[in-house]
Number of protein chains: 2
Amino acid sequence: MTISPLASPFPVLPAIAGVTPRVARAHYKNWDRCDLTFVTFAEGTTAAGVLTQSKCPSPEVEWCRKALILGNARALVVNAGNSNAFTGARGRTAVEAIAARTAQTLGCQPSDVYVASTGVIGVPLPIDKAEAGLDAAFVADVCSWQDATDTIGTTDTFPKAATTSAIVDGKTVNLVGIIKGSGMIAPDMATMLGFIFTDAAVDGAFLQGCLAAANEKTFSCITVDSDTSTSDTVLAFATGRAGNAPLTSSDDDGADAFAAALADLCRQLAHLVVRDGEGATKFIRIDVEGAESDRSAHRIAMSVANSPLVKTAIAGEDANWGRVVMAVGKAGEPAERDQLAIRFGTTQVAEGGLAVAGYDEAPVAAHLKGSDVEIGVDLGLGEGRATVWTCDLTHGYISINADYRS
Amino acid sequence: MTISPLASPFPVLPAIAGVTPRVARAHYKNWDRCDLTFVTFAEGTTAAGVLTQSKCPSPEVEWCRKALILGNARALVVNAGNSNAFTGARGRTAVEAIAARTAQTLGCQPSDVYVASTGVIGVPLPIDKAEAGLDAAFVADVCSWQDATDTIGTTDTFPKAATTSAIVDGKTVNLVGIIKGSGMIAPDMATMLGFIFTDAAVDGAFLQGCLAAANEKTFSCITVDSDTSTSDTVLAFATGRAGNAPLTSSDDDGADAFAAALADLCRQLAHLVVRDGEGATKFIRIDVEGAESDRSAHRIAMSVANSPLVKTAIAGEDANWGRVVMAVGKAGEPAERDQLAIRFGTTQVAEGGLAVAGYDEAPVAAHLKGSDVEIGVDLGLGEGRATVWTCDLTHGYISINADYRS
């Protein structure tokens, strides 16, 4: 697999006290690589999560949704190569078996075990392979973050992780996140799975609030191809080993710093997914301002980000702002054609309902030749604003998704 | 330009009494072809229209919307090579100039003149070229339907027209429609423009009702790439020369027959646009039933039809029903995963929330190898149903839209 031209090198990541990753071979596919990730957490670890809004979610997503009601975590199991989605009762039984075996081994409740799977849809996860893989993982050596990141990946072209830190209650707390996904998608329909680990002490409900808020501005603001997976999952785990007084509300000292650090980490991870978008050659940032509301701005930005015509124009390094007008117009949100302004990079190309007369095309052409492209839309109506990120649409996307038989 | 593999031969079309088409060269682009279509109508002709819902419509769309309030028609002018969209006051002036010059020549009101344009966005239509083209058209010989159809086209790979008839009040009424569009799109953002001509006598308001109803089940049910144009226009003109007693309501004798014939014509035209979808190699019909409402069924069908993963799977002749599950799940409409059933052609591949055990793959593979593919989705919830049509997503689409500089 060719590495994405937008790939970043794997970062140096700190250990997170209370978090222990291991990997093993469950042989979910006919491949010679680790495909089961097993992470254990110290007692007292809290969990938060955001999960796909698909009406056809995987049983793993349903399992995590239930476990998050209690919000305690002792283990995370991630299967790569089989999403176990749309597999009926057999799929549910497989998830329950994984949680039961893990709980028995760790001496915890099944609801303390989180499960996520990624890969082909419609094939029940084989319980015998899962159990054999788990048994191997239970006794495996502790592994590196990079090993864990490689193991959750499927068609990713590079391993994706990020880190940040914050000062909370006089203590430095560390956050590490790992993520997989080339968009929402892969040759057999895979998923975006992201996992965040911190040694901060954070009450589960407050962690959930911070993660949901961060998600709104990060994972919910990226798109590769508009196709939402059945299995999208982002889970955050806080072990409390940094020794800070537990954060329980935004009034606590350091709560803002922690929330900001978590949001920053989510943004880094979300960007990495776009940078590994299938066939991507350009990382595109779309800023919308002047909308009637933030929600309206977000919808308009996503309409631009999901437009095949805009995405192919950027792939062709073509400053085709008419396609941006089209995408704004079709969004179904309030817009006044004659107040609309559009820029590429820092160059205004259209405003007041028509092209800027004689704008300098040279900086626009230079901007579009780069790997990072910015499109700005000002609706001139109100204070609403949003930023989203996407990638271009290229022959690579078609090759990955059409040029094979399953 | 390579002709679409899904192209149909140009049909034999009857003359429509009271309709006189002519074409001329306005030289909107540097090409040696007719690019201005001028159609005159007998006195008493009524008009109806459906126009883009884009919030950034072309001035032509705004002009037609106003003219349709009166609903009288004496002429239609169609410009190819320049959409005149997003051109501010200069664009509006050009449309007004075309209507004024035509009205003066014919001795009618400017509001009796309908104008549509297709081509590049953001370049004001040159008034001098439009006027010279019109002057040539005024004195040109009457042309054939095929000449008119060729002249409204831009990046279409074949000319698209259809005909049908009905018995109304003991008289045979004829309907002819011509249309252009390769989806909503072309290298510089063009449009779907469709024009329907009939010799039936039909009251304008009733004609509008029939056209709006037909549109709901035809043009509003096709998609090539989810990108809605700034200039989409379908206009219908009824000259009354067939001699039937004018149709004024659905209670009139023959009203149902006329409405059915109009809907049939719209369906034929809509299918032709999909068959010329950019890069299309497969014509795809998507039937959704068992939804909570027809509206919900339509949204789910469009979610499947617009999914890049579904469209690339069909391009790859891959019975990847997991992607259909994904697209149903992301539609945001009521769905119960465990009641969902999916078929390709006549073969049920998934039902009750999982794959049909051991379904026969041979007829599915054979079906997908054909040029016409059917996907059926049964939600098992209610009586709502919808059918939409789309094409596959191929390297051809990327080549047309990304592999050039504007």
# chains A, B, ... in the order shown; residues from 1 in each chain; ligands from 1
>>> interface_residues(of="chain A", to="chain B", cutoff="7 Å", atoms="only C-alpha atoms", output="PDB file with N, CA, C and O atoms, in the first residue's frame")
ATOM      1  N   SER A  54     -25.256   6.082  13.218  1.00  0.00           N
ATOM      2  CA  SER A  54     -25.906   5.201  12.239  1.00  0.00           C
ATOM      3  C   SER A  54     -27.065   4.456  12.882  1.00  0.00           C
ATOM      4  O   SER A  54     -26.988   4.036  14.045  1.00  0.00           O
ATOM      5  N   LYS A  55     -28.156   4.281  12.089  1.00  0.00           N
ATOM      6  CA  LYS A  55     -29.283   3.497  12.568  1.00  0.00           C
ATOM      7  C   LYS A  55     -29.017   1.997  12.420  1.00  0.00           C
ATOM      8  O   LYS A  55     -29.846   1.186  12.803  1.00  0.00           O
ATOM      9  N   CYS A  56     -27.894   1.663  11.835  1.00  0.00           N
ATOM     10  CA  CYS A  56     -27.502   0.257  11.670  1.00  0.00           C
ATOM     11  C   CYS A  56     -26.150   0.024  12.336  1.00  0.00           C
ATOM     12  O   CYS A  56     -25.203  -0.414  11.692  1.00  0.00           O
ATOM     13  N   PHE A  86     -23.814  -5.864  11.311  1.00  0.00           N
ATOM     14  CA  PHE A  86     -24.904  -6.488  10.572  1.00  0.00           C
ATOM     15  C   PHE A  86     -24.747  -8.002  10.553  1.00  0.00           C
ATOM     16  O   PHE A  86     -24.744  -8.646   9.520  1.00  0.00           O
ATOM     17  N   THR A  87     -24.585  -8.566  11.749  1.00  0.00           N
ATOM     18  CA  THR A  87     -24.379 -10.012  11.866  1.00  0.00           C
ATOM     19  C   THR A  87     -25.394 -10.649  12.821  1.00  0.00           C
ATOM     20  O   THR A  87     -25.224 -11.798  13.220  1.00  0.00           O
ATOM     21  N   GLY A  88     -26.410  -9.884  13.209  1.00  0.00           N
ATOM     22  CA  GLY A  88     -27.502 -10.454  13.996  1.00  0.00           C
ATOM     23  C   GLY A  88     -27.070 -10.950  15.369  1.00  0.00           C
ATOM     24  O   GLY A  88     -26.123 -10.446  15.966  1.00  0.00           O
ATOM     25  N   ILE A 121     -18.021  -5.926   6.723  1.00  0.00           N
ATOM     26  CA  ILE A 121     -19.379  -5.964   7.281  1.00  0.00           C
ATOM     27  C   ILE A 121     -20.031  -7.295   6.938  1.00  0.00           C
ATOM     28  O   ILE A 121     -19.809  -7.834   5.864  1.00  0.00           O
ATOM     29  N   GLY A 122     -20.837  -7.806   7.849  1.00  0.00           N
ATOM     30  CA  GLY A 122     -21.738  -8.900   7.494  1.00  0.00           C
ATOM     31  C   GLY A 122     -21.193 -10.284   7.780  1.00  0.00           C
ATOM     32  O   GLY A 122     -21.868 -11.274   7.524  1.00  0.00           O
ATOM     33  N   MET A 189     -15.405  -1.715   3.799  1.00  0.00           N
ATOM     34  CA  MET A 189     -16.177  -0.944   4.775  1.00  0.00           C
ATOM     35  C   MET A 189     -15.590  -1.095   6.159  1.00  0.00           C
ATOM     36  O   MET A 189     -15.963  -1.978   6.918  1.00  0.00           O
ATOM     37  N   ASP A 225     -15.606  11.235   2.491  1.00  0.00           N
ATOM     38  CA  ASP A 225     -16.477  10.906   1.361  1.00  0.00           C
ATOM     39  C   ASP A 225     -17.952  10.907   1.733  1.00  0.00           C
ATOM     40  O   ASP A 225     -18.762  10.385   0.980  1.00  0.00           O
ATOM     41  N   ASP A 227     -19.593   9.224   3.713  1.00  0.00           N
ATOM     42  CA  ASP A 227     -20.167   7.937   4.097  1.00  0.00           C
ATOM     43  C   ASP A 227     -19.862   7.609   5.552  1.00  0.00           C
ATOM     44  O   ASP A 227     -18.723   7.350   5.924  1.00  0.00           O
ATOM     45  N   THR A 228     -20.912   7.622   6.365  1.00  0.00           N
ATOM     46  CA  THR A 228     -20.777   7.412   7.799  1.00  0.00           C
ATOM     47  C   THR A 228     -20.796   5.927   8.116  1.00  0.00           C
ATOM     48  O   THR A 228     -21.694   5.212   7.702  1.00  0.00           O
ATOM     49  N   SER A 229     -19.817   5.503   8.863  1.00  0.00           N
ATOM     50  CA  SER A 229     -19.651   4.082   9.148  1.00  0.00           C
ATOM     51  C   SER A 229     -20.677   3.565  10.142  1.00  0.00           C
ATOM     52  O   SER A 229     -21.282   4.306  10.903  1.00  0.00           O
ATOM     53  N   THR A 230     -20.835   2.243  10.127  1.00  0.00           N
ATOM     54  CA  THR A 230     -21.682   1.569  11.109  1.00  0.00           C
ATOM     55  C   THR A 230     -20.991   1.414  12.457  1.00  0.00           C
ATOM     56  O   THR A 230     -21.608   0.959  13.410  1.00  0.00           O
ATOM     57  N   SER A 307     -18.874  17.997  -1.513  1.00  0.00           N
ATOM     58  CA  SER A 307     -19.195  18.143  -2.932  1.00  0.00           C
ATOM     59  C   SER A 307     -18.141  17.465  -3.809  1.00  0.00           C
ATOM     60  O   SER A 307     -16.975  17.859  -3.803  1.00  0.00           O
ATOM     61  N   PRO A 308     -18.526  16.461  -4.585  1.00  0.00           N
ATOM     62  CA  PRO A 308     -17.547  15.820  -5.477  1.00  0.00           C
ATOM     63  C   PRO A 308     -16.940  16.813  -6.468  1.00  0.00           C
ATOM     64  O   PRO A 308     -15.766  16.684  -6.828  1.00  0.00           O
ATOM     65  N   LEU A 309     -17.714  17.814  -6.874  1.00  0.00           N
ATOM     66  CA  LEU A 309     -17.185  18.783  -7.834  1.00  0.00           C
ATOM     67  C   LEU A 309     -16.148  19.696  -7.207  1.00  0.00           C
ATOM     68  O   LEU A 309     -15.151  20.045  -7.840  1.00  0.00           O
ATOM     69  N   THR A 312     -12.994  17.391  -6.633  1.00  0.00           N
ATOM     70  CA  THR A 312     -12.231  17.090  -7.849  1.00  0.00           C
ATOM     71  C   THR A 312     -11.549  18.348  -8.380  1.00  0.00           C
ATOM     72  O   THR A 312     -10.458  18.268  -8.935  1.00  0.00           O
ATOM     73  N   ALA A 313     -12.188  19.517  -8.197  1.00  0.00           N
ATOM     74  CA  ALA A 313     -11.537  20.759  -8.636  1.00  0.00           C
ATOM     75  C   ALA A 313     -10.232  20.974  -7.868  1.00  0.00           C
ATOM     76  O   ALA A 313      -9.205  21.322  -8.468  1.00  0.00           O
ATOM     77  N   ALA A 315      -8.427  18.666  -6.452  1.00  0.00           N
ATOM     78  CA  ALA A 315      -7.495  17.643  -6.953  1.00  0.00           C
ATOM     79  C   ALA A 315      -6.817  18.138  -8.229  1.00  0.00           C
ATOM     80  O   ALA A 315      -5.624  17.906  -8.449  1.00  0.00           O
ATOM     81  N   GLY A 316      -7.580  18.836  -9.071  1.00  0.00           N
ATOM     82  CA  GLY A 316      -7.041  19.363 -10.323  1.00  0.00           C
ATOM     83  C   GLY A 316      -6.356  20.710 -10.169  1.00  0.00           C
ATOM     84  O   GLY A 316      -5.991  21.332 -11.170  1.00  0.00           O
ATOM     85  N   GLU A 317      -6.205  21.175  -8.923  1.00  0.00           N
ATOM     86  CA  GLU A 317      -5.556  22.466  -8.630  1.00  0.00           C
ATOM     87  C   GLU A 317      -6.226  23.590  -9.413  1.00  0.00           C
ATOM     88  O   GLU A 317      -5.576  24.503  -9.934  1.00  0.00           O
ATOM     89  N   ASP A 318      -7.542  23.513  -9.465  1.00  0.00           N
ATOM     90  CA  ASP A 318      -8.358  24.424 -10.264  1.00  0.00           C
ATOM     91  C   ASP A 318      -9.147  25.339  -9.316  1.00  0.00           C
ATOM     92  O   ASP A 318      -9.934  24.860  -8.514  1.00  0.00           O
ATOM     93  N   GLY A 322     -16.843  28.739  -8.771  1.00  0.00           N
ATOM     94  CA  GLY A 322     -18.243  28.524  -9.141  1.00  0.00           C
ATOM     95  C   GLY A 322     -18.804  27.268  -8.489  1.00  0.00           C
ATOM     96  O   GLY A 322     -19.979  27.205  -8.116  1.00  0.00           O
ATOM     97  N   ARG A 323     -17.947  26.257  -8.335  1.00  0.00           N
ATOM     98  CA  ARG A 323     -18.398  25.026  -7.684  1.00  0.00           C
ATOM     99  C   ARG A 323     -18.641  25.251  -6.190  1.00  0.00           C
ATOM    100  O   ARG A 323     -19.473  24.576  -5.582  1.00  0.00           O
ATOM    101  N   VAL A 325     -19.777  28.129  -4.995  1.00  0.00           N
ATOM    102  CA  VAL A 325     -21.087  28.794  -5.030  1.00  0.00           C
ATOM    103  C   VAL A 325     -22.198  27.743  -5.117  1.00  0.00           C
ATOM    104  O   VAL A 325     -23.190  27.779  -4.380  1.00  0.00           O
ATOM    105  N   MET A 326     -22.012  26.799  -6.028  1.00  0.00           N
ATOM    106  CA  MET A 326     -22.997  25.726  -6.202  1.00  0.00           C
ATOM    107  C   MET A 326     -23.227  24.992  -4.880  1.00  0.00           C
ATOM    108  O   MET A 326     -24.361  24.764  -4.471  1.00  0.00           O
ATOM    109  N   ALA A 327     -22.133  24.634  -4.202  1.00  0.00           N
ATOM    110  CA  ALA A 327     -22.249  23.841  -2.971  1.00  0.00           C
ATOM    111  C   ALA A 327     -22.882  24.649  -1.848  1.00  0.00           C
ATOM    112  O   ALA A 327     -23.620  24.100  -1.023  1.00  0.00           O
ATOM    113  N   GLY A 329     -25.086  27.017  -2.415  1.00  0.00           N
ATOM    114  CA  GLY A 329     -26.479  27.162  -2.827  1.00  0.00           C
ATOM    115  C   GLY A 329     -27.320  25.936  -2.566  1.00  0.00           C
ATOM    116  O   GLY A 329     -28.515  26.038  -2.282  1.00  0.00           O
ATOM    117  N   LYS A 330     -26.707  24.758  -2.635  1.00  0.00           N
ATOM    118  CA  LYS A 330     -27.487  23.528  -2.491  1.00  0.00           C
ATOM    119  C   LYS A 330     -27.653  23.102  -1.039  1.00  0.00           C
ATOM    120  O   LYS A 330     -28.364  22.131  -0.763  1.00  0.00           O
ATOM    121  N   ALA A 335     -28.861  31.727   2.676  1.00  0.00           N
ATOM    122  CA  ALA A 335     -27.736  32.296   1.942  1.00  0.00           C
ATOM    123  C   ALA A 335     -28.301  33.356   1.003  1.00  0.00           C
ATOM    124  O   ALA A 335     -29.399  33.193   0.484  1.00  0.00           O
ATOM    125  N   GLU A 336     -27.561  34.431   0.826  1.00  0.00           N
ATOM    126  CA  GLU A 336     -27.948  35.482  -0.110  1.00  0.00           C
ATOM    127  C   GLU A 336     -26.864  35.549  -1.171  1.00  0.00           C
ATOM    128  O   GLU A 336     -25.750  35.978  -0.893  1.00  0.00           O
ATOM    129  N   ARG A 337     -27.240  35.117  -2.377  1.00  0.00           N
ATOM    130  CA  ARG A 337     -26.243  35.058  -3.445  1.00  0.00           C
ATOM    131  C   ARG A 337     -25.449  36.349  -3.557  1.00  0.00           C
ATOM    132  O   ARG A 337     -24.218  36.331  -3.688  1.00  0.00           O
ATOM    133  N   ASP A 338     -26.122  37.482  -3.470  1.00  0.00           N
ATOM    134  CA  ASP A 338     -25.451  38.739  -3.758  1.00  0.00           C
ATOM    135  C   ASP A 338     -24.643  39.290  -2.589  1.00  0.00           C
ATOM    136  O   ASP A 338     -24.071  40.377  -2.677  1.00  0.00           O
ATOM    137  N   GLY A 353     -21.676  38.707  -4.910  1.00  0.00           N
ATOM    138  CA  GLY A 353     -22.467  38.036  -5.924  1.00  0.00           C
ATOM    139  C   GLY A 353     -21.805  37.926  -7.278  1.00  0.00           C
ATOM    140  O   GLY A 353     -22.449  37.550  -8.257  1.00  0.00           O
ATOM    141  N   LEU A 354     -20.523  38.259  -7.363  1.00  0.00           N
ATOM    142  CA  LEU A 354     -19.820  38.048  -8.637  1.00  0.00           C
ATOM    143  C   LEU A 354     -18.314  37.959  -8.407  1.00  0.00           C
ATOM    144  O   LEU A 354     -17.841  38.156  -7.294  1.00  0.00           O
ATOM    145  N   ALA A 355     -17.596  37.634  -9.461  1.00  0.00           N
ATOM    146  CA  ALA A 355     -16.148  37.493  -9.369  1.00  0.00           C
ATOM    147  C   ALA A 355     -15.517  38.839  -9.022  1.00  0.00           C
ATOM    148  O   ALA A 355     -15.993  39.891  -9.452  1.00  0.00           O
ATOM    149  N   THR A 394      -9.883  11.847  -5.854  1.00  0.00           N
ATOM    150  CA  THR A 394      -8.931  11.543  -6.926  1.00  0.00           C
ATOM    151  C   THR A 394      -9.169  10.149  -7.516  1.00  0.00           C
ATOM    152  O   THR A 394      -9.978   9.371  -7.001  1.00  0.00           O
ATOM    153  N   HIS A 395      -8.411   9.853  -8.563  1.00  0.00           N
ATOM    154  CA  HIS A 395      -8.437   8.493  -9.114  1.00  0.00           C
ATOM    155  C   HIS A 395      -8.098   7.457  -8.034  1.00  0.00           C
ATOM    156  O   HIS A 395      -8.581   6.331  -8.076  1.00  0.00           O
ATOM    157  N   ILE A 398     -11.186   6.071  -6.404  1.00  0.00           N
ATOM    158  CA  ILE A 398     -11.902   5.124  -7.260  1.00  0.00           C
ATOM    159  C   ILE A 398     -11.155   3.791  -7.300  1.00  0.00           C
ATOM    160  O   ILE A 398     -11.758   2.721  -7.205  1.00  0.00           O
ATOM    161  N   ASN A 401     -11.725   1.788  -4.166  1.00  0.00           N
ATOM    162  CA  ASN A 401     -13.088   1.351  -3.862  1.00  0.00           C
ATOM    163  C   ASN A 401     -13.834   0.658  -4.994  1.00  0.00           C
ATOM    164  O   ASN A 401     -14.897   0.096  -4.764  1.00  0.00           O
ATOM    165  N   ALA A 402     -13.334   0.752  -6.197  1.00  0.00           N
ATOM    166  CA  ALA A 402     -14.056   0.135  -7.324  1.00  0.00           C
ATOM    167  C   ALA A 402     -13.249  -0.922  -8.053  1.00  0.00           C
ATOM    168  O   ALA A 402     -13.827  -1.810  -8.666  1.00  0.00           O
ATOM    169  N   ASP A 403     -11.938  -0.800  -8.007  1.00  0.00           N
ATOM    170  CA  ASP A 403     -11.128  -1.655  -8.867  1.00  0.00           C
ATOM    171  C   ASP A 403     -10.789  -2.977  -8.205  1.00  0.00           C
ATOM    172  O   ASP A 403      -9.639  -3.408  -8.198  1.00  0.00           O
ATOM    173  N   TYR A 404     -11.770  -3.627  -7.636  1.00  0.00           N
ATOM    174  CA  TYR A 404     -11.531  -4.943  -7.056  1.00  0.00           C
ATOM    175  C   TYR A 404     -12.878  -5.626  -6.925  1.00  0.00           C
ATOM    176  O   TYR A 404     -13.928  -5.011  -7.034  1.00  0.00           O
ATOM    177  N   ARG A 405     -12.878  -6.898  -6.703  1.00  0.00           N
ATOM    178  CA  ARG A 405     -14.095  -7.629  -6.387  1.00  0.00           C
ATOM    179  C   ARG A 405     -13.955  -8.177  -4.983  1.00  0.00           C
ATOM    180  O   ARG A 405     -12.884  -8.645  -4.606  1.00  0.00           O
ATOM    181  N   SER A 406     -15.041  -8.114  -4.219  1.00  0.00           N
ATOM    182  CA  SER A 406     -14.972  -8.637  -2.841  1.00  0.00           C
ATOM    183  C   SER A 406     -15.173 -10.147  -2.865  1.00  0.00           C
ATOM    184  O   SER A 406     -15.614 -10.710  -3.860  1.00  0.00           O
TER     185      SER A 406
END
>>> residues_around(residues="A:Ala116", least_positions_apart="2", cutoff="10 Å", atoms="only C-alpha atoms", output="ChimeraX atom specification")
/A:37,58-61,63-64,76-80,83-84,95,114,118,152,191,193-194,231-235
>>> write_last_selection(atoms="N, CA, C and O atoms", output="compact mmCIF listing (two decimals), in the first residue's frame")
# COMPACT_ATOMS: atom_id res chain seq x y z
N THR A 37 -5.96 -5.97 19.77
CA THR A 37 -5.31 -5.05 20.72
C THR A 37 -6.03 -5.19 22.05
O THR A 37 -7.27 -5.18 22.11
N SER A 58 -22.99 -1.40 14.71
CA SER A 58 -22.46 -2.73 15.03
C SER A 58 -22.83 -3.08 16.47
O SER A 58 -23.10 -2.20 17.29
N PRO A 59 -22.83 -4.38 16.81
CA PRO A 59 -23.11 -4.76 18.21
C PRO A 59 -22.05 -4.21 19.17
O PRO A 59 -22.36 -3.96 20.34
N GLU A 60 -20.82 -4.00 18.69
CA GLU A 60 -19.79 -3.38 19.53
C GLU A 60 -20.21 -1.98 19.96
O GLU A 60 -20.01 -1.56 21.11
N VAL A 61 -20.77 -1.23 19.00
CA VAL A 61 -21.22 0.14 19.30
C VAL A 61 -22.33 0.09 20.36
O VAL A 61 -22.33 0.85 21.33
N TRP A 63 -22.82 -2.27 22.56
CA TRP A 63 -22.19 -2.71 23.81
C TRP A 63 -21.53 -1.53 24.53
O TRP A 63 -21.73 -1.32 25.73
N CYS A 64 -20.74 -0.76 23.79
CA CYS A 64 -20.05 0.38 24.40
C CYS A 64 -21.05 1.41 24.92
O CYS A 64 -20.86 2.01 25.98
N LEU A 76 -9.89 -2.62 27.27
CA LEU A 76 -10.35 -2.30 25.92
C LEU A 76 -9.85 -3.40 24.99
O LEU A 76 -8.67 -3.74 25.01
N VAL A 77 -10.75 -3.96 24.17
CA VAL A 77 -10.36 -4.97 23.18
C VAL A 77 -10.74 -4.44 21.79
O VAL A 77 -11.89 -4.05 21.57
N VAL A 78 -9.77 -4.40 20.88
CA VAL A 78 -10.03 -3.93 19.53
C VAL A 78 -9.68 -5.02 18.53
O VAL A 78 -8.54 -5.53 18.53
N ASN A 79 -10.64 -5.40 17.70
CA ASN A 79 -10.43 -6.41 16.66
C ASN A 79 -10.29 -5.74 15.30
O ASN A 79 -11.12 -4.89 14.95
N ALA A 80 -9.28 -6.10 14.54
CA ALA A 80 -9.08 -5.53 13.20
C ALA A 80 -9.23 -6.63 12.15
O ALA A 80 -8.72 -7.73 12.31
N SER A 83 -15.55 -6.17 11.08
CA SER A 83 -16.29 -5.17 11.86
C SER A 83 -17.42 -5.79 12.66
O SER A 83 -17.98 -5.15 13.54
N ASN A 84 -17.79 -7.03 12.32
CA ASN A 84 -18.86 -7.73 13.04
C ASN A 84 -20.20 -7.00 12.94
O ASN A 84 -21.14 -7.30 13.68
N VAL A 95 -19.46 -10.45 20.97
CA VAL A 95 -19.05 -9.34 21.82
C VAL A 95 -19.20 -9.72 23.29
O VAL A 95 -18.31 -9.46 24.13
N TYR A 114 -14.56 -2.67 27.20
CA TYR A 114 -15.03 -1.99 25.99
C TYR A 114 -14.50 -2.75 24.77
O TYR A 114 -13.34 -3.19 24.77
N THR A 118 -13.27 -3.54 13.52
CA THR A 118 -13.19 -2.82 12.24
C THR A 118 -12.81 -3.77 11.13
O THR A 118 -11.94 -4.62 11.30
N ILE A 152 -4.49 -1.76 15.46
CA ILE A 152 -5.90 -1.38 15.24
C ILE A 152 -6.16 -0.99 13.78
O ILE A 152 -7.30 -0.86 13.37
N THR A 191 -13.89 1.45 9.46
CA THR A 191 -14.44 2.40 10.41
C THR A 191 -13.37 3.34 10.89
O THR A 191 -12.19 3.13 10.69
N LEU A 193 -11.92 4.32 14.27
CA LEU A 193 -11.85 3.99 15.69
C LEU A 193 -10.77 4.85 16.31
O LEU A 193 -9.64 4.88 15.79
N GLY A 194 -11.08 5.55 17.39
CA GLY A 194 -10.09 6.36 18.08
C GLY A 194 -10.12 6.07 19.57
O GLY A 194 -11.20 5.86 20.15
N SER A 231 -19.71 1.74 12.54
CA SER A 231 -18.94 1.33 13.71
C SER A 231 -18.08 2.44 14.31
O SER A 231 -17.30 2.18 15.23
N ASP A 232 -18.22 3.69 13.82
CA ASP A 232 -17.38 4.77 14.33
C ASP A 232 -17.41 4.83 15.85
O ASP A 232 -18.49 4.87 16.45
N THR A 233 -16.26 4.88 16.44
CA THR A 233 -16.14 4.85 17.89
C THR A 233 -14.94 5.67 18.34
O THR A 233 -13.84 5.47 17.82
N VAL A 234 -15.15 6.59 19.26
CA VAL A 234 -14.02 7.24 19.96
C VAL A 234 -14.27 7.08 21.45
O VAL A 234 -15.32 7.48 21.97
N LEU A 235 -13.30 6.46 22.13
CA LEU A 235 -13.42 6.25 23.57
C LEU A 235 -12.27 6.95 24.26
O LEU A 235 -11.15 6.97 23.75
>>> residues_around(residues="stretch 249-265 of chain B", least_positions_apart="5", cutoff="6 Å", atoms="only C-alpha atoms", output="list of chain:residue names")
B:Ala166, B:Val168, B:Asp169, B:Phe206, B:Cys210, B:Ala214
>>> select_by_dssp(residues="stretch 55-204 of chain A", states="alpha helix (DSSP H)", output="MDAnalysis selection string")
chainID A and resid 59:70 88:106 127:138 145:152 204
>>> select_by_dssp(residues="stretch 103-352 of chain A", states="strand (DSSP E)", output="ChimeraX atom specification")
/A:113-120,160-168,171-180,193-198,222-223,233-238,283-291,341-344,347-351
>>> closest_residue(among="A:Phe158, A:Phe197, A:Trp145, A:Tyr28", to="A:Thr239", atoms="only C-alpha atoms")
A:Phe197
>>> atom_distance(atom1="atom CA of A:Thr45", atom2="atom CA of A:Ile196")
12.4 Å
